[in-house]
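Heads up, query28.cif below (mmCIF, C-alpha atoms, pLDDT in the B column; chains and numbers go by the auth columns):
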data_model
loop_
_atom_site.group_PDB
_atom_site.id
_atom_site.type_symbol
_atom_site.label_atom_id
_atom_site.label_comp_id
_atom_site.label_asym_id
_atom_site.label_seq_id
_atom_site.Cartn_x
_atom_site.Cartn_y
_atom_site.Cartn_z
_atom_site.B_iso_or_equiv
_atom_site.auth_seq_id
_atom_site.auth_asym_id
ATOM 1 C CA ILE A 1 -3.435 -20.110 -5.212 85.00 1 A
ATOM 2 C CA HIS A 2 -4.511 -20.600 -1.615 85.00 2 A
ATOM 3 C CA ALA A 3 -7.807 -18.803 -2.371 89.00 3 A
ATOM 4 C CA LEU A 4 -8.440 -21.197 -5.264 91.00 4 A
ATOM 5 C CA ASN A 5 -7.569 -24.213 -3.137 94.00 5 A
ATOM 6 C CA ARG A 6 -10.005 -23.022 -0.457 92.00 6 A
ATOM 7 C CA ASP A 7 -12.676 -22.379 -3.099 96.00 7 A
ATOM 8 C CA LEU A 8 -12.961 -18.808 -1.805 94.00 8 A
ATOM 9 C CA PRO A 9 -15.980 -17.083 -3.402 96.00 9 A
ATOM 10 C CA PHE A 10 -14.992 -14.444 -5.952 94.00 10 A
ATOM 11 C CA ASP A 11 -16.635 -11.590 -4.057 95.00 11 A
ATOM 12 C CA ARG A 12 -14.671 -12.477 -0.906 95.00 12 A
ATOM 13 C CA PHE A 13 -11.474 -12.866 -2.947 95.00 13 A
ATOM 14 C CA THR A 14 -12.058 -9.393 -4.408 94.00 14 A
ATOM 15 C CA VAL A 15 -12.579 -7.786 -1.004 95.00 15 A
ATOM 16 C CA GLU A 16 -9.396 -9.345 0.364 94.00 16 A
ATOM 17 C CA GLN A 17 -7.304 -8.388 -2.672 93.00 17 A
ATOM 18 C CA LEU A 18 -8.441 -4.786 -2.697 92.00 18 A
ATOM 19 C CA ALA A 19 -9.102 -4.066 0.985 92.00 19 A
ATOM 20 C CA GLY A 20 -7.999 -6.997 3.153 92.00 20 A
ATOM 21 C CA ASP A 21 -6.377 -4.544 5.561 91.00 21 A
ATOM 22 C CA LEU A 22 -9.744 -2.892 6.241 92.00 22 A
ATOM 23 C CA LEU A 23 -11.542 -6.063 7.348 94.00 23 A
ATOM 24 C CA PRO A 24 -12.349 -6.260 11.068 95.00 24 A
ATOM 25 C CA ASN A 25 -9.754 -8.441 12.828 94.00 25 A
ATOM 26 C CA ALA A 26 -7.983 -9.029 9.502 93.00 26 A
ATOM 27 C CA THR A 27 -5.811 -12.129 9.411 92.00 27 A
ATOM 28 C CA VAL A 28 -2.222 -12.083 8.186 90.00 28 A
ATOM 29 C CA GLU A 29 -3.445 -13.840 5.031 91.00 29 A
ATOM 30 C CA GLN A 30 -6.085 -11.161 4.376 93.00 30 A
ATOM 31 C CA LYS A 31 -3.543 -8.396 4.900 93.00 31 A
ATOM 32 C CA THR A 32 -1.056 -10.226 2.683 92.00 32 A
ATOM 33 C CA ALA A 33 -3.628 -10.383 -0.129 93.00 33 A
ATOM 34 C CA THR A 34 -3.329 -6.601 -0.492 93.00 34 A
ATOM 35 C CA GLY A 35 0.269 -7.153 -1.618 92.00 35 A
ATOM 36 C CA PHE A 36 -1.187 -7.869 -5.063 90.00 36 A
ATOM 37 C CA HIS A 37 -1.239 -4.124 -5.663 92.00 37 A
ATOM 38 C CA ARG A 38 2.348 -3.667 -4.479 91.00 38 A
ATOM 39 C CA ASN A 39 3.616 -5.226 -7.733 88.00 39 A
ATOM 40 C CA THR A 40 4.305 -1.844 -9.307 88.00 40 A
ATOM 41 C CA LEU A 41 7.392 -0.013 -10.474 83.00 41 A
ATOM 42 C CA THR A 42 9.484 1.464 -7.701 82.00 42 A
ATOM 43 C CA ASN A 43 12.629 3.545 -7.697 82.00 43 A
ATOM 44 C CA LYS A 44 14.592 4.323 -4.544 79.00 44 A
ATOM 45 C CA GLU A 45 17.597 5.921 -6.269 84.00 45 A
ATOM 46 C CA GLY A 46 18.886 9.196 -4.914 84.00 46 A
ATOM 47 C CA GLY A 47 17.525 12.273 -6.633 87.00 47 A
ATOM 48 C CA VAL A 48 14.333 10.546 -7.777 87.00 48 A
ATOM 49 C CA ASP A 49 11.049 12.325 -7.201 90.00 49 A
ATOM 50 C CA GLN A 50 9.393 9.831 -4.836 89.00 50 A
ATOM 51 C CA GLU A 51 6.002 11.503 -5.257 92.00 51 A
ATOM 52 C CA GLU A 52 6.168 10.892 -9.017 93.00 52 A
ATOM 53 C CA PHE A 53 6.755 7.176 -8.436 92.00 53 A
ATOM 54 C CA ARG A 54 4.019 7.011 -5.769 93.00 54 A
ATOM 55 C CA VAL A 55 1.590 8.568 -8.260 95.00 55 A
ATOM 56 C CA ALA A 56 2.747 6.148 -11.002 94.00 56 A
ATOM 57 C CA ALA A 57 2.061 3.247 -8.617 94.00 57 A
ATOM 58 C CA CYS A 58 -1.469 4.592 -7.963 95.00 58 A
ATOM 59 C CA VAL A 59 -2.053 4.898 -11.714 96.00 59 A
ATOM 60 C CA ASP A 60 -0.902 1.290 -12.167 95.00 60 A
ATOM 61 C CA ARG A 61 -3.290 0.138 -9.434 95.00 61 A
ATOM 62 C CA VAL A 62 -6.223 1.927 -11.066 96.00 62 A
ATOM 63 C CA THR A 63 -5.341 0.461 -14.468 94.00 63 A
ATOM 64 C CA THR A 64 -4.970 -3.060 -13.047 94.00 64 A
ATOM 65 C CA THR A 65 -8.184 -2.870 -11.027 94.00 65 A
ATOM 66 C CA ALA A 66 -10.160 -1.547 -13.976 94.00 66 A
ATOM 67 C CA LYS A 67 -8.874 -4.244 -16.331 94.00 67 A
ATOM 68 C CA ALA A 68 -9.055 -7.184 -13.914 92.00 68 A
ATOM 69 C CA TRP A 69 -12.276 -6.424 -12.042 93.00 69 A
ATOM 70 C CA LEU A 70 -14.230 -4.115 -14.327 90.00 70 A
ATOM 71 C CA GLY A 71 -13.084 -5.340 -17.742 92.00 71 A
ATOM 72 C CA LEU A 72 -12.338 -1.748 -18.739 90.00 72 A
ATOM 73 C CA THR A 73 -9.400 0.173 -20.084 89.00 73 A
ATOM 74 C CA VAL A 74 -9.287 3.563 -18.440 90.00 74 A
ATOM 75 C CA GLY A 75 -6.109 5.069 -19.872 87.00 75 A
ATOM 76 C CA CYS A 76 -7.856 7.764 -21.896 90.00 76 A
ATOM 77 C CA CYS A 77 -9.796 9.224 -18.989 92.00 77 A
ATOM 78 C CA GLN A 78 -6.596 9.573 -16.955 93.00 78 A
ATOM 79 C CA CYS A 79 -5.787 12.600 -19.109 92.00 79 A
ATOM 80 C CA HIS A 80 -9.075 13.829 -20.565 91.00 80 A
ATOM 81 C CA ASP A 81 -12.774 13.303 -21.075 91.00 81 A
ATOM 82 C CA HIS A 82 -13.780 11.752 -24.386 85.00 82 A
ATOM 83 C CA LYS A 83 -17.189 12.290 -25.888 84.00 83 A
ATOM 84 C CA TYR A 84 -17.575 8.578 -26.748 83.00 84 A
ATOM 85 C CA ASP A 85 -16.243 7.253 -23.438 83.00 85 A
ATOM 86 C CA PRO A 86 -18.767 6.887 -20.603 86.00 86 A
ATOM 87 C CA LEU A 87 -16.020 7.475 -18.011 91.00 87 A
ATOM 88 C CA SER A 88 -14.749 10.957 -17.293 93.00 88 A
ATOM 89 C CA ALA A 89 -11.452 12.093 -15.826 94.00 89 A
ATOM 90 C CA LYS A 90 -13.395 12.815 -12.642 95.00 90 A
ATOM 91 C CA ASP A 91 -14.582 9.173 -12.571 95.00 91 A
ATOM 92 C CA TYR A 92 -10.999 7.997 -13.076 95.00 92 A
ATOM 93 C CA TYR A 93 -9.611 10.092 -10.210 97.00 93 A
ATOM 94 C CA SER A 94 -12.489 9.083 -7.947 96.00 94 A
ATOM 95 C CA LEU A 95 -11.318 5.477 -8.393 95.00 95 A
ATOM 96 C CA TYR A 96 -7.706 6.655 -8.037 96.00 96 A
ATOM 97 C CA ALA A 97 -8.643 8.224 -4.668 97.00 97 A
ATOM 98 C CA PHE A 98 -9.067 4.748 -3.144 94.00 98 A
ATOM 99 C CA PHE A 99 -5.416 3.963 -3.857 95.00 99 A
ATOM 100 C CA ASN A 100 -4.130 7.464 -3.182 96.00 100 A
ATOM 101 C CA SER A 101 -4.651 6.989 0.560 93.00 101 A
ATOM 102 C CA ALA A 102 -2.690 3.751 0.832 92.00 102 A
ATOM 103 C CA ALA A 103 0.483 3.317 2.828 91.00 103 A
ATOM 104 C CA GLU A 104 2.975 0.706 1.636 90.00 104 A
ATOM 105 C CA PRO A 105 4.398 -1.054 4.703 89.00 105 A
ATOM 106 C CA THR A 106 5.960 -4.461 5.039 87.00 106 A
ATOM 107 C CA LEU A 107 4.309 -7.127 7.164 89.00 107 A
ATOM 108 C CA PRO A 108 6.425 -9.559 9.173 85.00 108 A
ATOM 109 C CA ILE A 109 5.573 -13.163 8.329 86.00 109 A
ATOM 110 C CA GLY A 110 6.888 -16.425 9.671 81.00 110 A
ATOM 111 C CA LYS A 111 9.771 -16.947 12.042 84.00 111 A
ATOM 112 C CA ALA A 112 13.141 -15.314 11.670 85.00 112 A
ATOM 113 C CA PRO A 113 16.257 -17.520 11.324 89.00 113 A
ATOM 114 C CA PRO A 114 17.498 -18.831 14.719 90.00 114 A
ATOM 115 C CA GLU A 115 20.518 -16.480 14.901 92.00 115 A
ATOM 116 C CA LEU A 116 18.316 -13.453 14.246 92.00 116 A
ATOM 117 C CA GLU A 117 15.802 -14.696 16.841 90.00 117 A
ATOM 118 C CA ARG A 118 18.653 -14.859 19.391 92.00 118 A
ATOM 119 C CA GLN A 119 19.758 -11.310 18.528 93.00 119 A
ATOM 120 C CA ILE A 120 16.201 -10.025 18.885 90.00 120 A
ATOM 121 C CA ALA A 121 15.742 -11.793 22.237 90.00 121 A
ATOM 122 C CA ALA A 122 19.055 -10.368 23.505 94.00 122 A
ATOM 123 C CA MET A 123 18.040 -6.853 22.426 93.00 123 A
ATOM 124 C CA GLU A 124 14.637 -7.221 24.106 91.00 124 A
ATOM 125 C CA ALA A 125 16.389 -8.299 27.336 92.00 125 A
ATOM 126 C CA ARG A 126 18.739 -5.316 27.038 92.00 126 A
ATOM 127 C CA ILE A 127 15.778 -2.963 26.618 91.00 127 A
ATOM 128 C CA ALA A 128 14.092 -4.409 29.713 89.00 128 A
ATOM 129 C CA TYR A 129 17.325 -3.886 31.683 90.00 129 A
ATOM 130 C CA LEU A 130 17.709 -0.317 30.405 91.00 130 A
ATOM 131 C CA ARG A 131 14.091 0.479 31.313 89.00 131 A
ATOM 132 C CA MET A 132 14.733 -0.647 34.902 88.00 132 A
ATOM 133 C CA GLY A 133 17.661 1.787 35.026 87.00 133 A
ATOM 134 C CA GLY A 134 15.461 4.632 33.799 82.00 134 A
ATOM 135 C CA ASP A 135 17.828 5.679 30.990 84.00 135 A
ATOM 136 C CA ASP A 136 15.242 6.891 28.442 88.00 136 A
ATOM 137 C CA GLU A 137 17.809 7.908 25.839 92.00 137 A
ATOM 138 C CA ALA A 138 19.495 4.486 25.906 92.00 138 A
ATOM 139 C CA VAL A 139 16.077 2.796 25.691 92.00 139 A
ATOM 140 C CA LYS A 140 15.234 4.904 22.654 93.00 140 A
ATOM 141 C CA LYS A 141 18.485 3.887 20.909 94.00 141 A
ATOM 142 C CA ALA A 142 17.980 0.220 21.778 93.00 142 A
ATOM 143 C CA LEU A 143 14.401 0.307 20.449 93.00 143 A
ATOM 144 C CA ALA A 144 15.716 1.715 17.158 94.00 144 A
ATOM 145 C CA GLU A 145 18.280 -1.128 17.005 94.00 145 A
ATOM 146 C CA LEU A 146 15.519 -3.657 17.757 91.00 146 A
ATOM 147 C CA LYS A 147 13.422 -2.262 14.928 89.00 147 A
ATOM 148 C CA LYS A 148 16.374 -2.709 12.526 92.00 148 A
ATOM 149 C CA LEU A 149 16.864 -6.297 13.699 91.00 149 A
ATOM 150 C CA GLU A 150 13.171 -7.120 13.308 86.00 150 A
ATOM 151 C CA ALA A 151 13.227 -5.668 9.789 87.00 151 A
ATOM 152 C CA LYS A 152 15.757 -8.336 8.810 90.00 152 A
ATOM 153 C CA GLY A 153 13.180 -11.075 9.422 90.00 153 A
ATOM 154 C CA PRO A 154 10.906 -12.503 6.710 91.00 154 A
ATOM 155 C CA SER A 155 8.295 -10.029 5.541 90.00 155 A
ATOM 156 C CA THR A 156 6.001 -9.308 2.637 91.00 156 A
ATOM 157 C CA LEU A 157 4.784 -6.148 0.936 91.00 157 A
ATOM 158 C CA VAL A 158 1.232 -5.095 1.772 93.00 158 A
ATOM 159 C CA MET A 159 -1.008 -2.063 1.544 93.00 159 A
ATOM 160 C CA ARG A 160 -2.718 -0.338 4.417 92.00 160 A
ATOM 161 C CA GLU A 161 -5.111 2.602 4.587 91.00 161 A
ATOM 162 C CA LEU A 162 -3.530 5.795 5.917 92.00 162 A
ATOM 163 C CA PRO A 163 -5.018 7.071 9.180 91.00 163 A
ATOM 164 C CA LYS A 164 -5.884 10.364 7.432 94.00 164 A
ATOM 165 C CA PRO A 165 -6.788 10.171 3.730 93.00 165 A
ATOM 166 C CA ARG A 166 -4.787 12.204 1.240 95.00 166 A
ATOM 167 C CA ASP A 167 -6.626 14.872 -0.717 97.00 167 A
ATOM 168 C CA THR A 168 -7.170 13.719 -4.307 97.00 168 A
ATOM 169 C CA TYR A 169 -7.620 15.942 -7.316 97.00 169 A
ATOM 170 C CA VAL A 170 -8.208 15.407 -10.999 97.00 170 A
ATOM 171 C CA GLN A 171 -4.741 15.708 -12.510 97.00 171 A
ATOM 172 C CA VAL A 172 -4.997 18.130 -15.405 96.00 172 A
ATOM 173 C CA ARG A 173 -4.003 16.231 -18.578 94.00 173 A
ATOM 174 C CA GLY A 174 -2.611 13.451 -16.343 93.00 174 A
ATOM 175 C CA ASP A 175 0.082 15.730 -14.869 95.00 175 A
ATOM 176 C CA PHE A 176 0.449 15.016 -11.155 95.00 176 A
ATOM 177 C CA LEU A 177 1.792 18.538 -10.611 96.00 177 A
ATOM 178 C CA ARG A 178 -1.385 20.224 -11.952 96.00 178 A
ATOM 179 C CA ASN A 179 -4.430 19.850 -9.702 97.00 179 A
ATOM 180 C CA GLY A 180 -7.949 20.247 -11.034 97.00 180 A
ATOM 181 C CA ASP A 181 -11.182 19.592 -9.150 97.00 181 A
ATOM 182 C CA LYS A 182 -11.035 17.826 -5.780 98.00 182 A
ATOM 183 C CA VAL A 183 -12.614 14.334 -5.792 97.00 183 A
ATOM 184 C CA THR A 184 -13.559 11.755 -3.186 96.00 184 A
ATOM 185 C CA PRO A 185 -13.290 7.959 -3.433 94.00 185 A
ATOM 186 C CA GLY A 186 -16.067 6.467 -5.529 92.00 186 A
ATOM 187 C CA PHE A 187 -16.892 4.899 -8.870 82.00 187 A
#

Now, as a test, write the supplied structure out as structure tokens.
Amino acid sequence: IHALNRDLPFDRFTVEQLAGDLLPNATVEQKTATGFHRNTLTNKEGGVDQEEFRVAACVDRVTTTAKAWLGLTVGCCQCHDHKYDPLSAKDYYSLYAFFNSAAEPTLPIGKAPPELERQIAAMEARIAYLRMGGDDEAVKKALAELKKLEAKGPSTLVMRELPKPRDTYVQVRGDFLRNGDKVTPGF
């Protein structure tokens, strides 16, 4: 909505939605735009194969990007080549490779409630005191507590490029456990 209100050109809107985190000196708003692709199914239940759900999220991102920005359905080429379809499975997984190397962090936004701000400030003061005393183990524990406190503040889901890209392969018949040819990001 904010992009529409600012009359943001479509090409700029596209860049921010798909790769706002990669822009030089990206603003919080540009990073937040990548959250568009975090609207996928998730499952954090015990015993769930997290890799299966990460792959399903990548598949959803490819499908959404293809439909919204390319005007294409790409479901068939996820599993196989089709003689009447101009896109191959290799093309599909080359697009998939862009999303395969994404981390899914949260981004702090706005100010925390006053009570939480006080707790954070108190913990920061405690850490400074502990550092003066040279107790590295206590500092480490306090930093972990601070991280937990900060996580309670307002945040949003975003995407961010991993420092080292994941290897991406064509998934034989769409099965994430069966690797075919290695591919690189492209389309």

I would like the residues chosen by the PyMOL selection byres ((chain A and resi 92) around 9) on the shown file; could you give them as a ChimeraX atom specification? /A:62,74-75,77-78,87-91,93-97,170,187

7 Å contact set for Gln17 in chain A, only C-alpha atoms, chain neighbours under 5 positions out, as a tab-separated table (two decimals) with C-alpha atoms, keeping the file's coordinate frame:
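The result, written out as result.tsv:
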chain	number	residue	atom	x	y	z
A	33	ALA	CA	-3.63	-10.38	-0.13
A	34	THR	CA	-3.33	-6.60	-0.49
A	36	PHE	CA	-1.19	-7.87	-5.06

Please list as a ChimeraX atom specification every residue within 10 Å of range 158-168 of chain A, counting only C-alpha atoms and excluding residues in the same chain fewer than 6 positions away. /A:17-22,30-39,93-94,96-107,179-185

Using the chain letters and numbering of this document, enumerate as a list of chain:residue names the residues selected by the PyMOL selection byres ((chain A and resi 141-148) around 8).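 Evaluating the PyMOL selection byres ((chain A and resi 141-148) around 8) on these coordinates yields A:Ile120, A:Met123, A:Glu124, A:Arg126, A:Ile127, A:Glu137, A:Ala138, A:Val139, A:Lys140, A:Leu149, A:Glu150, A:Ala151, A:Lys152.
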
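If you look at CA of Leu41 in chain A and CA of Asp60 in chain A, they are 8.6 Å away from each other.
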
Expected residue set, 9 Å radius at (13.8, -12.9, 7.8), all atoms listed in the file, as JSON, numbers by chain: {"A": [108, 109, 110, 111, 112, 113, 116, 150, 151, 152, 153, 154, 155]}

Residues of the last selection are to be written out with C-alpha atoms, as an mmCIF file, in the frame of the given file.
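This went into again-v7.cif:
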data_model
loop_
_atom_site.group_PDB
_atom_site.id
_atom_site.type_symbol
_atom_site.label_atom_id
_atom_site.label_comp_id
_atom_site.auth_asym_id
_atom_site.auth_seq_id
_atom_site.Cartn_x
_atom_site.Cartn_y
_atom_site.Cartn_z
ATOM 1 C CA PRO A 108 6.425 -9.559 9.173
ATOM 2 C CA ILE A 109 5.573 -13.163 8.329
ATOM 3 C CA GLY A 110 6.888 -16.425 9.671
ATOM 4 C CA LYS A 111 9.771 -16.947 12.042
ATOM 5 C CA ALA A 112 13.141 -15.314 11.670
ATOM 6 C CA PRO A 113 16.257 -17.520 11.324
ATOM 7 C CA LEU A 116 18.316 -13.453 14.246
ATOM 8 C CA GLU A 150 13.171 -7.120 13.308
ATOM 9 C CA ALA A 151 13.227 -5.668 9.789
ATOM 10 C CA LYS A 152 15.757 -8.336 8.810
ATOM 11 C CA GLY A 153 13.180 -11.075 9.422
ATOM 12 C CA PRO A 154 10.906 -12.503 6.710
ATOM 13 C CA SER A 155 8.295 -10.029 5.541
#

What is the CA of Glu52 in chain A-CA of Lys83 in chain A distance in Å, reported with one decimal?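 So the answer is 28.8 Å.
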
Point-to-point distance in Å for CA of Glu115 in chain A and CA of Gly133 in chain A: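 Distance reported for this atom pair: 27.3 Å.
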
Between A:Leu157, A:Ala121, A:Ala68, A:Cys79, single out the one closest to Val172 in chain A, counting all atoms listed in the file. A:Cys79
